Structure formats: C-alpha cells, structure tokens
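> Sharing a structure here in structure tokens format.
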Protein chains: 2
Amino acid sequence: MSGKREGAAPHMSAEEFRRLGHRVVDWVADYWARLESFPVRAAVAPGEVLSKLPAHPPEEGLDGEAGWEAVFRDLEDVVLPGITHWQSPSFFAYFPSNATGPSVLGELLSAGLGVQGMLWSTSPAATEMESRVLDWLAELMGLPASFRMASDTGGGVIQGTASEAALVAMVAARNRVRRTLGREAEWVAYTSTQTHSSVLKAALICGVAREVADSVHLRQIDTDAGYALRPDALERAVREDLAAGRQPFFVCASLGTTSSGAMDPVPAVVEALGRTGFTAAGGWVHVDAAWAGSALVCPEFRALGAGLEGVDSFAFNPHKWLLTHFDCNAFYTRDRRALLDALSVMPEYLRNAASASGQVVDYRDWQVPLGRRFRALKLWLVLRHYGAQGLRAYLREHVRQAELFAGWVEADARFELAVPRSLALVCFRLKPLPGEAPEATDARNRGLLDRLNASGKAFLTHTVLPGVDGAPARFVLRLAIGSVRTEERHVRAVWEQLGALA
Amino acid sequence: MSGKREGAAPHMSAEEFRRLGHRVVDWVADYWARLESFPVRAAVAPGEVLSKLPAHPPEEGLDGEAGWEAVFRDLEDVVLPGITHWQSPSFFAYFPSNATGPSVLGELLSAGLGVQGMLWSTSPAATEMESRVLDWLAELMGLPASFRMASDTGGGVIQGTASEAALVAMVAARNRVRRTLGREAEWVAYTSTQTHSSVLKAALICGVAREVADSVHLRQIDTDAGYALRPDALERAVREDLAAGRQPFFVCASLGTTSSGAMDPVPAVVEALGRTGFTAAGGWVHVDAAWAGSALVCPEFRALGAGLEGVDSFAFNPHKWLLTHFDCNAFYTRDRRALLDALSVMPEYLRNAASASGQVVDYRDWQVPLGRRFRALKLWLVLRHYGAQGLRAYLREHVRQAELFAGWVEADARFELAVPRSLALVCFRLKPLPGEAPEATDARNRGLLDRLNASGKAFLTHTVLPGVDGAPARFVLRLAIGSVRTEERHVRAVWEQLGALA
C-alpha cells in the first residue's frame, strides 16, 4: 500500500483514506441536510447523465487526493441531477427505503472488513451475528419459536430482496414435494391477483411458469372486496389442479400488498390448504410481508401475524420500513433442512472441517448466490441504536401521519379513499364527478399525479385496483409514508399541493 | 431528524453522524493497518461469537453518541476475533476479494444516497453510470463491440455474483430456445467437470437439474490433461442428447476454473456447438471468467478472451481481482432482448412514462431481484482512481509474485507444481515419496495445509484434481494471490513457512 512507486498500483494511503473518508461522510451528512432542496423525482431526460460521463475510460488514474476534487464536482454536477431522492421527506412513492446513520455506518464497516460470509468458516462472526440479530427480530415481532435459529430446525437469514426470498422458498418447496411424492410432476404455484410481481418472476426463473401469461402453472387467485386472497377460491383451484393431475406445491400469501396494503387471511389459507392434501404432499406456504412485516414490532399490530405458526416461511424487508437501507430482507423458515436439500452443492474447494462437523450454519445454502456480505452489521447497529422502543416510536409516527392524511381525504368532498388506510399506506383518488365515465375519472387522477410529481415537491406513485362486483377498475394514487425524515409538515404539505392542483 | 424528543425515534443527528462516521472511517483505516497482527483465519469455535451477543434484543436504544462506545468495544471483542481476514496480505485462500479505498467510499456514497435503481426512473444516474462504466470496462478488456450498451442489442449490467450471472444466462437461454422451437422440451445444460458449483446450483434453481446428481439434465463434460473442457466430448454429448429427444440449450465455459485456473477453449467450443444444431435452436453459450476475467485488462493476457465474439454472455467479478469489494459481478450479453423476454414482468405499480417510451434501460429486467443498489459508484471510483495504468500495474504485480512462487516450488525437490501456474494462481503439493501410496501423499499435503492455516500466519485452501489417464486424484494446495496488500515479502514468508512445516 505504498502509493506512488513507479509502475506500482496507486493505492490510496491510509492518510488519504482517512481524509477522503471524512469528506465523504460529511458529503453524505450535507446531502441529507439538503434533501428538501432537490426535486424529489429526477428531472433529467434519458441519456442526459450518460452524456456527462466520458465516453472512454481513463488511461491515467487520479492525481492522488487532489484528483478527487473532480469526483466531488461530478457528484454535484453529474450524479445528483440524476437522482430520484428516495431519502427525501417528501418521497411517498412505491414503498420508501430507509437509510439511517447506524445502517450506513454498518455498511461502511462491512465494506471495510471486506469479508465473504459464504461459509461459517470464512468469517464466523458474520454468520453468528446474523443468526442472533434475526432471532432478536423474531422475538421483537412475536414470530413463532419454530422460526428461530434456536429451534434447531428453523431459523432466519438475510436475503437481498423479497424476490430472492420468494425464489428460495419456491425452490425449496418444489424439492420438498418432489421428495415427498418420489417423482417429478407438473408443478402449480398459487398467488392472489394482488401478489407482488416478484413472485411471478420467481416462478419464471425456477421454471414453473413458462411465460408471464402462464396461468396454468402460476394461478392468480381472486381476491375479496378488500383485495385479500379468497381462501375458498384457492381451495377450489387446488382441488381442480389435483383432479387434473397437476401438482400444487407452493402458495404465497401477502401481508400488505403493494397496490393497496391488503392482508391475506393467513389462518384461513392454511386451514383451506390442509383440507386439500396440499399440506400432506409437502406443499409450502410462504408469507410475503415485505413492507408491512415491520409493523409486527408494535404490539398493537401484532395480530397481523396471526397464523404464522402454520406457514413454512415468512419474509419482510427491514430495508423498507425498519430503518435499514437496501439490501436487507429478513427471511424465516421453520424447515431449514428443506433449503439445504434444495440448494446445497459442496465442491471440494469449499470443504472445511467446520462444515463437515455439522455444527455450523453455512448460509450459502440458504440463498441463491454463493457469496454474501456481512449485512448483519447494519441490522445489529440499527437494533442497538434504536432499541425496541425507538423502532416502535418510529413506526407509530408514520401510522399516525397516515391516519391524519386519510382523515383529510375523507373530509374533502373532492377526494375519496380507494380502500381503507392500511398502516402507513393511503390509497385515494379524486371522486368521480356525477355522470363521469370511469376513464375520465382515471384521467383526472392521472393528470393530478403527473402535475404533482412534475412539481418536484413530492413523489407519489399509482396503481390500478380491479373492480369489485362488476365495477370498473380504478386508477388510484398511493401515499406510502416511510421515509426517515418525513414529519407531519411534509404530509400536510403534499396534501395542500394535491388540493391546490386538484 | 430532531433526535431526543419524548416518544420520538432517536434518529442520529447530523453532527452525531459526522463524528461517528469519522470514527468509523478511522476504525477501518486502523483495521487495515493492523491486518498483519491477526491470525488470518478466525480461530473461534462454533457458538463462540454467538455466546458473546446478548440473547435478547435491547428494549432501549443506545444513549446517544456515548452509547456507541459499547459498539466500538464489541467490534474489538466480539466481531474481530470471529473474522477471517479476507483483506490480510497473507490471505491466499479461495480467490481473494478486494476492498480498496475508492471502492469502500463508493459503497458509502451509495448507502448515503440510499436510492433504489430498479427502474431507470427511480434514479437515472444509477442506470446510466452503470451502463457507462461497464462500457468502459468492456473497452479496457477488448470485449466484443456486441457486448457494449452502445451496440443497442447487447450491454453490460452489474449482478451480485457469478452465481446470479449464470442463473440469469440459463433462464434467458431456456426461454430463447423455447421460443425458437415453439414448445417445451426436456432441457439439458452442459458444463465441464471443473466448472464452478454455482452453475450446478443455477441449474437446480431454474429447475433444469432435479437433484445434485442429475447427470441427465446437467452434463459435466470431461476435461483434458490441463483440466480444460474437451470440445469433442461436448459435441458428442450434445449429439447424444439430441438423438435421445432431449434439448441442449445452455453451455457454460470457464476461463480460469476455481480448482486450477484452467481455461476452456472458447473458440473450439463455439465451433463444435455450431456443428450440432445447438446454435441454430437458439442455444446459449455463457463464459464464466469470475476470477480470471480481470486479467483481460492487460494486453499481454488479452488472448484469453479469444472467441468471445461467438458467445452469448460473459461475466467476471471485479470483486475478485479488480480492486472492488464484494458484491460486483460484471455481466455482458450480446442479446439483451433475451433477458427482457425471460425476466420482464410489468405490474401497474411500476409503470412509468420513461419505461413506456422504450428509450431507457430498466436493469430490474436483467437480473433476479427487483431492487438494486447503486453499485456503479464503487466501480466508477475504482476505474477513475486507478486508471487503466493502475489496474494493469496491480494485476501484473500479482502475476509476477505468482511466477516467483511457482519458481520456488519447482526449484525445491520436496514440492511440485500440480498444474502449470495460471495467472496469479499456483496449485502445488508435496511430491510423492518413492513408493508412497497416493492416499499417503494426500495425507501429508493435508497435514501441511492444516498446520499452516492453524499457525494463523497465512490462509490457503485446497482442491482435489482428478487423475488423468488412469492416474489417481491428487489433493492439492492452492496459492491464490490477489489481496490488495500482498507484497513480495508476504509471498516469500508463506513459502518459507511451508518449507519449515513440510
């Protein structure tokens, strides 16, 4: 690491790293302080950022620390204009994703340690801290004991995303049912029409669904008036498939759908499946609570987790609503053996005494990739820094803000709630005018959203909710509260803007 | 972000974040300076780290900045003893993974910005910088123009790992051949016996292989005396499968196998496949150059990339040997349409004007997960900081050190090279004694490796190379040079330790 020797790689010296590191920390702190000064959604045109980046790679490196002045300039001139500010207090789009001090410092430590936690032996601390903090989370959320590492048959692992969680569950499910039956089969997976697209994508990747429109192998079950999965419709579909010689193997229920925050009735789903032979064949129920799962940290929302003792896996994203930045999905299963059976491949060059002893967990066998970062650090620091009390206070404040907003919507004759508020998600729209065609109502709502987002003062996204009982589908605005810096005044401001633009 | 308000979440204030951030930067710099003081491989027993972490989550958070003193103590007392020091200059195991100043600062910026680059519109800078730096890399490595984003039909993307790269390629391949044939088929993928286990794992995940031992659907083709895939054996296998009514759809060739650094003959593989109808059916050739790919940055190693213009995808890990810390796999394809056809699912809540315009790249459709970090930042900073000259100097120094070590092995009557040195990987062992049984030679080598690793002075891993022409398999030590801080003195020291322990 000696720096500028002739013909040697110009590694950054320790002193340069310290000084530049402090500057980058300060840059981040300053960025967070400036967040309200930017348009929330990037206002650049396609190709605009690209055109500001040199077409060819640099032949020579930067001239030491002084050369980094150009980097800091480019962060301002090239990068920031092309950023959609997910950390803005007026970011209400999709589901927000939190970058907090403790989380960012955990990532910095993870990067600096630069370890690869693929096997227990390649850094025991990475594995054991992960097991422990996921048991902490399970306790905080009141998850079944069968999901904890301490159970010896289940446990938690950090996946990158809810997409990977669903894929891992689906692959484990197929393998388990295949072993139970002792044969290959024509596999069928079930979601609701409202389930996140990542589950369909997982079915495409694992080969169960053959195309996006493959409704034979990935059945999207009808929902009720509140957009929750109908257990009776699920049960009927499973029976139909069994009768047709196909093999049901996987069901994904959602707690907090992306479109409207609907909660599928997990206990009734499990019960319905138990009547069909799905469960006896080894069929797997996965619960995707990507956004809403964090709420279980608050006792008053704990009822949302009813029935989880009857499912095979449960996953949620601390990177959505638990103060931890992307990527961090907490995945729990009560059948860790099924993951190993489906995903463990042990080549000679990875063999080691600890793995052979059977006394350790090798998390590579719980996930799609082999390699893994030390992501437990950021979750460990978040849980320690905030404590259970801090997490609860944080979640409750967002729910309180959403309640306020929902109240304003209901009190304004021009607007209506599209569905009842779900935790910190409010789906609303401009009411139809007397005699207005549904397309016209949708167009007015789309226009309102476009004007609001174009203003740069806030960023919301939309969805389309299917019609119930013959009613037409509705274009709906979503206000998802979940940014670390969102205070009541930001929620009030976006409501006032909506009112002014309506 | 107002901090200690009664009942409010105790967010870190900007000033706290600055001060703690500076301390964490300093902690990392100090850690790097102390690397030689630690045993390279963690010396803890299973459960030891776990036992030092509280069994239950904290109810109360840390008492502000002062509370973080406990965190810094735990980093020393709980975390560091459980770390296998991948950044140690005497880490020669697996393939090393580099954490450098510019790379770590890029991660810190990415975490601080906290953006989600799933769609172009969710942060255009994240997508466009990624496209640009991957085009830079392609130019530096002399990759075919068809792999560059500028080609409009191909392009590069950052995947997390080589595992995910192989999975994405396999899923795109299956879908492309299915469309070409217009029907479902019994799919067969091909690797060599030496291909990385992640490709077999990808076949399990995507459902092509039904179990680890499924040699019908994942055929592991024989290698030659240098452990490179035999194109004639591949061609024969493909013809057999076609004759049996199965459908060959995917071949993975390796540049630099994990066991011994073998280079599969890509041009001959492509030519052999062209003779079989594999190519005409839409069959896909993926080249996994996870470790060795970085060497293409040096013109003197450019010949390793011969034949890449004939393959469908190529991937390597800057997080192995290009100064960028995990995770960062550079994946290139000449058929980006095939990725979109296989992986794109567009629910209403992700629809946006930019995507609808067709003028932008949405990288979510190029990968398994939906969400993605702004990983281009770290690659951008590494390429700028080092420049092409710095990258080349870095790679050449490791190759020079490996040449030295290989020379010492050859000059010592007790040792032998197991295969010729491959770039910066040296596979060697204690020679068989006259009349010694192969198992006894293996046992002496295993003992030597165990003693060396137990000393804590260096960390090497092993492999077993199959016997050629009836010879027995051999237990072999691998010295993989690739740590940022490895200097000639470290390589010399491990050689002297090996000599003393032999």
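For the structure tokens, the naming scheme is as follows: chains receive sequential letters (A, B, ...) according to their order of presentation, residues are indexed from 1 within each chain, and ligands are indexed from 1 in presentation order.
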Please identify the helix (DSSP H, G or I) residues within region 306-423 of chain B (assignment by DSSP from backbone atoms) and present them as a PyMOL selection string.

chain B and resi 308-310+318-321+336-343+348-350+353-357+363-366+376-411

> Mind checking DSSP for region 81-319 of chain A and telling me the strand (DSSP E or B) residues as a PyMOL selection string?

chain A and resi 91+155-159+187-192+218-221+223+229+247-255+263+284-288+313-316

> For the selection you just gave me, I'd like the residues written to a file as a compact mmCIF listing (two decimals), in the first residue's frame, keeping C-alpha atoms.


# COMPACT_ATOMS: atom_id res chain seq x y z
CA PHE A 91 -40.81 10.68 -1.09
CA GLY A 155 -34.10 -20.06 11.53
CA GLY A 156 -33.58 -16.74 9.86
CA VAL A 157 -31.25 -15.50 7.15
CA ILE A 158 -30.72 -12.18 5.40
CA GLN A 159 -31.63 -12.34 1.72
CA TRP A 187 -45.99 -28.05 -10.70
CA VAL A 188 -48.53 -25.37 -9.86
CA ALA A 189 -47.92 -22.32 -7.65
CA TYR A 190 -50.62 -20.00 -6.31
CA THR A 191 -50.71 -16.32 -5.51
CA SER A 192 -53.51 -13.81 -5.48
CA LEU A 218 -48.93 -19.85 -11.74
CA ARG A 219 -52.53 -19.35 -10.72
CA GLN A 220 -53.52 -15.91 -9.60
CA ILE A 221 -56.47 -16.40 -7.28
CA THR A 223 -59.47 -11.53 -4.07
CA LEU A 229 -56.87 -13.62 -1.22
CA GLN A 247 -49.25 -30.89 -8.50
CA PRO A 248 -49.88 -27.88 -6.24
CA PHE A 249 -46.65 -27.20 -4.33
CA PHE A 250 -46.45 -23.55 -3.31
CA VAL A 251 -48.73 -20.79 -2.10
CA CYS A 252 -47.66 -17.22 -1.46
CA ALA A 253 -49.87 -15.18 0.85
CA SER A 254 -49.20 -11.47 1.30
CA LEU A 255 -49.36 -9.28 4.34
CA MET A 263 -53.71 -8.52 4.21
CA TRP A 284 -45.19 -24.92 1.15
CA VAL A 285 -46.87 -21.71 2.29
CA HIS A 286 -44.72 -18.59 2.06
CA VAL A 287 -45.84 -15.28 3.52
CA ASP A 288 -44.51 -12.16 1.85
CA SER A 313 -41.59 -19.32 5.54
CA PHE A 314 -42.09 -15.64 6.21
CA ALA A 315 -40.10 -12.74 4.87
CA PHE A 316 -40.10 -8.98 5.21

> Contacts of region 389-404 of chain B at 7 Å or less, counting only C-alpha atoms, minus same-chain residues fewer than 2 places along, as number ranges by chain?

A: 7-10, 59-61; B: 295, 297-298, 386-387, 406-408, 423-426, 481-482, 488, 491

> What does the file look like for those residues with N, CA and C atoms, as a tab-separated table (two decimals), in the first residue's frame?


chain	number	residue	atom	x	y	z
A	7	GLY	N	5.46	2.47	-11.59
A	7	GLY	CA	4.95	1.19	-12.09
A	7	GLY	C	4.09	0.44	-11.09
A	8	ALA	N	3.88	0.99	-9.90
A	8	ALA	CA	3.05	0.30	-8.90
A	8	ALA	C	1.63	0.85	-8.96
A	9	ALA	N	0.67	0.01	-8.53
A	9	ALA	CA	-0.71	0.47	-8.48
A	9	ALA	C	-0.83	1.59	-7.45
A	10	PRO	N	-1.48	2.69	-7.80
A	10	PRO	CA	-1.55	3.85	-6.90
A	10	PRO	C	-2.59	3.67	-5.81
A	59	GLU	N	-7.14	6.53	-18.94
A	59	GLU	CA	-5.88	5.77	-19.04
A	59	GLU	C	-5.07	5.98	-17.76
A	60	GLU	N	-5.06	7.22	-17.29
A	60	GLU	CA	-4.32	7.52	-16.06
A	60	GLU	C	-5.29	7.66	-14.90
A	61	GLY	N	-4.82	7.31	-13.72
A	61	GLY	CA	-5.65	7.44	-12.54
A	61	GLY	C	-5.71	8.87	-12.05
B	295	ALA	N	-7.94	-10.17	-15.80
B	295	ALA	CA	-6.63	-10.13	-16.47
B	295	ALA	C	-6.71	-9.56	-17.88
B	297	VAL	N	-7.70	-6.93	-18.80
B	297	VAL	CA	-7.33	-5.52	-18.78
B	297	VAL	C	-5.89	-5.33	-19.26
B	298	CYS	N	-5.05	-6.34	-19.10
B	298	CYS	CA	-3.66	-6.28	-19.56
B	298	CYS	C	-3.55	-6.82	-20.98
B	386	TYR	N	-7.73	4.49	-10.13
B	386	TYR	CA	-6.57	3.74	-10.59
B	386	TYR	C	-6.20	4.05	-12.04
B	387	GLY	N	-7.22	4.30	-12.87
B	387	GLY	CA	-6.97	4.43	-14.30
B	387	GLY	C	-6.51	3.08	-14.85
B	406	ALA	N	5.96	-19.93	-8.01
B	406	ALA	CA	5.98	-21.16	-8.82
B	406	ALA	C	7.43	-21.58	-9.07
B	407	GLY	N	8.28	-20.61	-9.27
B	407	GLY	CA	9.70	-20.91	-9.47
B	407	GLY	C	10.32	-21.56	-8.24
B	408	TRP	N	9.96	-21.05	-7.06
B	408	TRP	CA	10.48	-21.64	-5.81
B	408	TRP	C	10.00	-23.07	-5.65
B	423	LEU	N	-2.02	-17.51	-14.34
B	423	LEU	CA	-2.04	-16.11	-13.90
B	423	LEU	C	-1.49	-16.01	-12.47
B	424	ALA	N	-2.32	-15.65	-11.48
B	424	ALA	CA	-1.80	-15.50	-10.12
B	424	ALA	C	-2.22	-16.66	-9.21
B	425	LEU	N	-2.57	-17.78	-9.81
B	425	LEU	CA	-2.95	-18.98	-9.03
B	425	LEU	C	-1.89	-20.06	-9.22
B	426	VAL	N	-1.37	-20.56	-8.10
B	426	VAL	CA	-0.37	-21.63	-8.15
B	426	VAL	C	-0.94	-22.84	-7.39
B	481	ILE	N	-3.04	-15.53	-5.31
B	481	ILE	CA	-2.57	-14.18	-4.95
B	481	ILE	C	-3.55	-13.16	-5.50
B	482	GLY	N	-4.01	-12.25	-4.66
B	482	GLY	CA	-4.99	-11.30	-5.15
B	482	GLY	C	-5.43	-10.31	-4.10
B	488	GLU	N	5.66	-8.85	-2.19
B	488	GLU	CA	6.55	-10.00	-2.41
B	488	GLU	C	6.95	-10.62	-1.07
B	491	VAL	N	4.53	-13.25	0.13
B	491	VAL	CA	4.60	-14.48	-0.65
B	491	VAL	C	5.85	-15.27	-0.24

> Between B:Thr180, B:Thr257, B:Ser88, B:Ser422, which is the closest to His490 (chain B) once you count only C-alpha atoms?

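Distance minimum relative to His490 (chain B) lands on B:Ser88.
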
> So which residues touch region 357-370 of chain B within 6 Å, counting only C-alpha atoms, skipping near sequence neighbours fewer than 2 positions away, as a list of chain:residue names?

A:Ser163, B:Met118, B:Leu119, B:Trp120, B:Leu339, B:Leu340, B:Leu343, B:Ser344, B:Ala354, B:Ser355

> Selection from above, N, CA, C and O atoms, as an mmCIF file, in the first residue's frame, can you write it?


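Output saved as out17.cif:
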data_model
loop_
_atom_site.group_PDB
_atom_site.id
_atom_site.type_symbol
_atom_site.label_atom_id
_atom_site.label_comp_id
_atom_site.auth_asym_id
_atom_site.auth_seq_id
_atom_site.Cartn_x
_atom_site.Cartn_y
_atom_site.Cartn_z
ATOM 1 N N SER A 163 -37.759 -10.679 -3.554
ATOM 2 C CA SER A 163 -37.753 -11.515 -4.766
ATOM 3 C C SER A 163 -36.946 -12.774 -4.532
ATOM 4 O O SER A 163 -37.363 -13.880 -4.893
ATOM 5 N N MET B 118 -34.035 0.157 -9.413
ATOM 6 C CA MET B 118 -34.743 -0.934 -10.113
ATOM 7 C C MET B 118 -35.202 -0.528 -11.504
ATOM 8 O O MET B 118 -35.159 -1.308 -12.443
ATOM 9 N N LEU B 119 -35.662 0.725 -11.615
ATOM 10 C CA LEU B 119 -36.091 1.278 -12.894
ATOM 11 C C LEU B 119 -35.176 2.453 -13.227
ATOM 12 O O LEU B 119 -34.622 3.087 -12.333
ATOM 13 N N TRP B 120 -35.080 2.755 -14.502
ATOM 14 C CA TRP B 120 -34.332 3.948 -14.883
ATOM 15 C C TRP B 120 -34.870 5.145 -14.108
ATOM 16 O O TRP B 120 -34.111 5.924 -13.538
ATOM 17 N N LEU B 339 -32.923 -11.419 -22.298
ATOM 18 C CA LEU B 339 -33.085 -11.225 -20.859
ATOM 19 C C LEU B 339 -34.475 -10.649 -20.574
ATOM 20 O O LEU B 339 -35.189 -11.119 -19.681
ATOM 21 N N LEU B 340 -34.840 -9.622 -21.338
ATOM 22 C CA LEU B 340 -36.143 -8.992 -21.121
ATOM 23 C C LEU B 340 -37.281 -9.980 -21.375
ATOM 24 O O LEU B 340 -38.255 -10.040 -20.610
ATOM 25 N N LEU B 343 -37.426 -12.276 -18.295
ATOM 26 C CA LEU B 343 -37.467 -11.792 -16.912
ATOM 27 C C LEU B 343 -38.369 -10.591 -16.666
ATOM 28 O O LEU B 343 -38.555 -10.173 -15.524
ATOM 29 N N SER B 344 -38.910 -10.011 -17.724
ATOM 30 C CA SER B 344 -39.677 -8.778 -17.529
ATOM 31 C C SER B 344 -41.135 -9.066 -17.172
ATOM 32 O O SER B 344 -41.837 -9.750 -17.903
ATOM 33 N N ALA B 354 -41.141 6.801 -18.643
ATOM 34 C CA ALA B 354 -39.831 6.512 -19.245
ATOM 35 C C ALA B 354 -39.769 5.069 -19.737
ATOM 36 O O ALA B 354 -39.326 4.804 -20.857
ATOM 37 N N SER B 355 -40.220 4.130 -18.903
ATOM 38 C CA SER B 355 -40.206 2.727 -19.319
ATOM 39 C C SER B 355 -41.093 2.537 -20.555
ATOM 40 O O SER B 355 -40.727 1.836 -21.497
#

> Which residues are close to Ala42 (chain B), i.e. within 12 Å by only C-alpha atoms, leaving aside same-chain residues fewer than 6 positions away? Reply as a PyMOL selection string.

(chain A and resi 115+120-126+354) or (chain B and resi 48-49+78-86+88+91+453-459)

> Nearest to chain B among A:Ser103, A:Thr333, A:Thr463, A:Asn317, with distances taken over only C-alpha atoms: which residue is it?

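Smallest separation from chain B among the options: A:Thr463.
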
> Between CA of Glu410 (chain B) and CA of Pro347 (chain A), what distance in Å does the model show, to one decimal?

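CA of Pro347 (chain A) lies at a distance of 27.9 Å from CA of Glu410 (chain B).
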
> Just checking: using only C-alpha atoms, which residue out of B:Phe475, B:Trp136, B:Phe301, B:Phe95 ends up closest to chain A?

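When distances to chain A are compared using only C-alpha atoms, the smallest one comes from B:Trp136.
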
> Interatomic distance between CA of Pro420 (chain B) and CA of Ala262 (chain B)?

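CA of Ala262 (chain B) lies 9.4 Å from CA of Pro420 (chain B).
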
> Quick one: of A:Tyr31, A:Phe374, A:Phe92, A:Phe326, who's nearest to Ala111 (chain A), counting only C-alpha atoms?

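Closest residue, counting only C-alpha atoms: A:Phe374.
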
> For a test of reading the model, state the distance in Å between CA of Thr258 (chain B) and CA of Val212 (chain B), rounded to one decimal.

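Going from CA of Thr258 (chain B) over to CA of Val212 (chain B), I get 18.7 Å.
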
> Show which residues sit within 12 Å of Asp450 (chain B), as a list in words. Count only C-alpha atoms, and ignore same-chain residues fewer than 5 positions away.

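The residues that qualify are Asn352 and Ala353 of chain A; Arg41, Ala443, Arg444, Asn445, Ser455, Gly456, Lys457, Ala458, Phe459, Leu460, Thr461, His462, Leu477, Leu498, Leu501 and Ala502 of chain B.
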
> Would you please work out which residue, of A:Gly112, A:Gly154, A:Pro89, A:Pro54, is nearest to Ala33 (chain B) when using only C-alpha atoms?

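Looking at the shortest contact to Ala33 (chain B), the residue is A:Gly112.
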
> Can you list, as JSON, numbers by chain, every protein, DNA or RNA residue that comes within 8 Å of Ala233 (chain A) when you count only C-alpha atoms, leaving out same-chain residues fewer than 3 positions away?

{"A": [221, 222, 230, 236, 237]}

> When you count only C-alpha atoms, which of these residues is closest to chain A: B:Ala413, B:Val171, B:Met141, B:Ala185?

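Checking each candidate against chain A, we get B:Val171 as the closest.
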